[in-house]
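Inspection log for the structure reproduced underneath, given as structure tokens.
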Amino acid sequence: MKKFDHNGLLVAEYQGKLFEKSTELECSTAIFIRRFLHSDLVKKMDVNDPATLTLDVNEGIQSIQNQFGKSDYGKIKYSKSTMFWMGYMYRYISYTREVTTKFVMKLFPYKYLNDVYYSFHTQDPEWCVRSLLEMCGQSEDVFDNNLRLKAVIAARGTY
């Protein structure tokens, strides 16, 4: 596990603000998240180095819109505070566990994080990660690439 340092804080806050800003778009939360997850921006963010990002939220939103176009599809939008917390937590987990955003979002879908927001958002991020893992029947091992690889090999019977 990587220590959550100043760089981690910068990228987590940036992603939180990016998610929060998405509530001002015409599209739904689901559309924004799907576009973010498939954007060039998320690839840059998964490097988890603030020096490679402008950290300007408007530029981040603009880069996603330039890549996918504007959309007014969908109506359900989560609150600004929920979106900030979700964005922050996704980046916190990605940064500290050194995994991709896609992996984290597959493990903890955005609808699930929305459901736990009110009881989790005031808690320490590590408490949230432990609780989310427990609720999903997982352990920290899920973030260990070597253990996941061994499990795949064992499932094929060649280990």
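Within each chain, counting starts at residue 1; across the structure tokens, chains are named A, B, ... in the order shown, with ligands numbered 1 upward in that order.
When the distance limit is 10 Å and only C-alpha atoms are what count, the residues near range 110-112 of chain A, minus those fewer than 2 positions from it on the same chain, are Thr29, Ala30, Ile33, Tyr78, Met83, Met86, Gly87, Tyr90, Val104, Met105, Lys106, Leu107, Phe108, Asn114, Asp115, Val116, Tyr117 and Leu132 of chain A.
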Selected residues written out, N, CA and C atoms, as an mmCIF file, in the first residue's frame:
```cif
data_model
loop_
_atom_site.group_PDB
_atom_site.id
_atom_site.type_symbol
_atom_site.label_atom_id
_atom_site.label_comp_id
_atom_site.auth_asym_id
_atom_site.auth_seq_id
_atom_site.Cartn_x
_atom_site.Cartn_y
_atom_site.Cartn_z
ATOM 1 N N THR A 29 -25.590 11.696 -14.007
ATOM 2 C CA THR A 29 -24.394 11.204 -13.320
ATOM 3 C C THR A 29 -23.854 9.956 -14.016
ATOM 4 N N ALA A 30 -24.744 9.049 -14.384
ATOM 5 C CA ALA A 30 -24.320 7.799 -15.027
ATOM 6 C C ALA A 30 -23.567 8.064 -16.333
ATOM 7 N N ILE A 33 -20.070 9.571 -15.537
ATOM 8 C CA ILE A 33 -19.147 8.560 -15.008
ATOM 9 C C ILE A 33 -18.696 7.616 -16.119
ATOM 10 N N TYR A 78 -26.644 12.942 -9.013
ATOM 11 C CA TYR A 78 -26.353 12.883 -7.587
ATOM 12 C C TYR A 78 -25.972 14.283 -7.112
ATOM 13 N N MET A 83 -21.032 13.564 -5.172
ATOM 14 C CA MET A 83 -20.105 13.416 -6.291
ATOM 15 C C MET A 83 -18.670 13.744 -5.876
ATOM 16 N N MET A 86 -17.419 10.756 -3.853
ATOM 17 C CA MET A 86 -17.165 9.608 -4.729
ATOM 18 C C MET A 86 -15.874 9.772 -5.511
ATOM 19 N N GLY A 87 -15.718 10.938 -6.125
ATOM 20 C CA GLY A 87 -14.507 11.190 -6.902
ATOM 21 C C GLY A 87 -13.270 11.118 -6.032
ATOM 22 N N TYR A 90 -12.649 7.365 -4.990
ATOM 23 C CA TYR A 90 -12.115 6.560 -6.100
ATOM 24 C C TYR A 90 -10.633 6.840 -6.314
ATOM 25 N N VAL A 104 -11.183 -0.067 -9.517
ATOM 26 C CA VAL A 104 -11.854 0.398 -8.294
ATOM 27 C C VAL A 104 -13.350 0.558 -8.539
ATOM 28 N N MET A 105 -13.716 1.120 -9.686
ATOM 29 C CA MET A 105 -15.129 1.354 -9.968
ATOM 30 C C MET A 105 -15.872 0.053 -10.254
ATOM 31 N N LYS A 106 -15.173 -0.947 -10.728
ATOM 32 C CA LYS A 106 -15.796 -2.257 -10.913
ATOM 33 C C LYS A 106 -16.020 -2.912 -9.547
ATOM 34 N N LEU A 107 -15.060 -2.745 -8.655
ATOM 35 C CA LEU A 107 -15.149 -3.306 -7.305
ATOM 36 C C LEU A 107 -16.236 -2.609 -6.489
ATOM 37 N N PHE A 108 -16.300 -1.282 -6.606
ATOM 38 C CA PHE A 108 -17.275 -0.468 -5.868
ATOM 39 C C PHE A 108 -18.037 0.421 -6.855
ATOM 40 N N ASN A 114 -23.028 5.723 -3.789
ATOM 41 C CA ASN A 114 -24.125 6.654 -3.524
ATOM 42 C C ASN A 114 -24.989 6.152 -2.365
ATOM 43 N N ASP A 115 -25.229 4.850 -2.325
ATOM 44 C CA ASP A 115 -26.063 4.273 -1.266
ATOM 45 C C ASP A 115 -25.442 4.411 0.124
ATOM 46 N N VAL A 116 -24.124 4.368 0.215
ATOM 47 C CA VAL A 116 -23.466 4.436 1.528
ATOM 48 C C VAL A 116 -22.987 5.849 1.879
ATOM 49 N N TYR A 117 -23.181 6.789 0.980
ATOM 50 C CA TYR A 117 -22.640 8.136 1.166
ATOM 51 C C TYR A 117 -22.967 8.736 2.533
ATOM 52 N N LEU A 132 -16.101 -0.917 3.062
ATOM 53 C CA LEU A 132 -16.561 -1.294 1.725
ATOM 54 C C LEU A 132 -16.100 -2.706 1.369
#
```
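Compared by their closest atoms to Ala12 in chain A, and using only C-alpha atoms, the residues A:Gln62, A:Asp72, A:Phe84, A:Thr52 rank with A:Phe84 nearest.
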Close residues, Ser71 in chain A itself excluded, 12 Å, only C-alpha atoms, min 6 positions apart in chain, as number ranges by chain: A: 22, 24-32, 35, 64-65
Deliver the residues from the most recent selection as a file, using C-alpha atoms, as a PDB file, in the first residue's frame.
```
ATOM      1  CA  SER A  22     -20.033  17.323 -13.412  1.00  0.00           C
ATOM      2  CA  GLU A  24     -23.453  21.302 -13.727  1.00  0.00           C
ATOM      3  CA  LEU A  25     -23.463  19.368 -16.998  1.00  0.00           C
ATOM      4  CA  GLU A  26     -26.678  18.616 -18.863  1.00  0.00           C
ATOM      5  CA  CYS A  27     -26.145  14.835 -18.709  1.00  0.00           C
ATOM      6  CA  SER A  28     -26.902  12.460 -15.858  1.00  0.00           C
ATOM      7  CA  THR A  29     -24.394  11.204 -13.320  1.00  0.00           C
ATOM      8  CA  ALA A  30     -24.320   7.799 -15.027  1.00  0.00           C
ATOM      9  CA  ILE A  31     -23.406   9.335 -18.394  1.00  0.00           C
ATOM     10  CA  PHE A  32     -20.671  11.493 -16.879  1.00  0.00           C
ATOM     11  CA  ARG A  35     -17.536   9.016 -20.162  1.00  0.00           C
ATOM     12  CA  ILE A  64     -14.081  14.959 -21.566  1.00  0.00           C
ATOM     13  CA  GLN A  65     -16.588  17.007 -23.553  1.00  0.00           C
TER      14      GLN A  65
END
```
Straight-line distance linking CA of Pro50 in chain A with CA of Tyr92 in chain A, stated in Å to one decimal: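 Taking CA of Pro50 in chain A and CA of Tyr92 in chain A, their separation equals 13.2 Å.
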From A:Ile76, A:Arg156, A:Val11, A:Val57, residue lying nearest Lys44 in chain A [only C-alpha atoms]: A:Val11
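CA of Ser94 in chain A to CA of Thr54 in chain A spans 18.9 Å [interatomic distance, one decimal].
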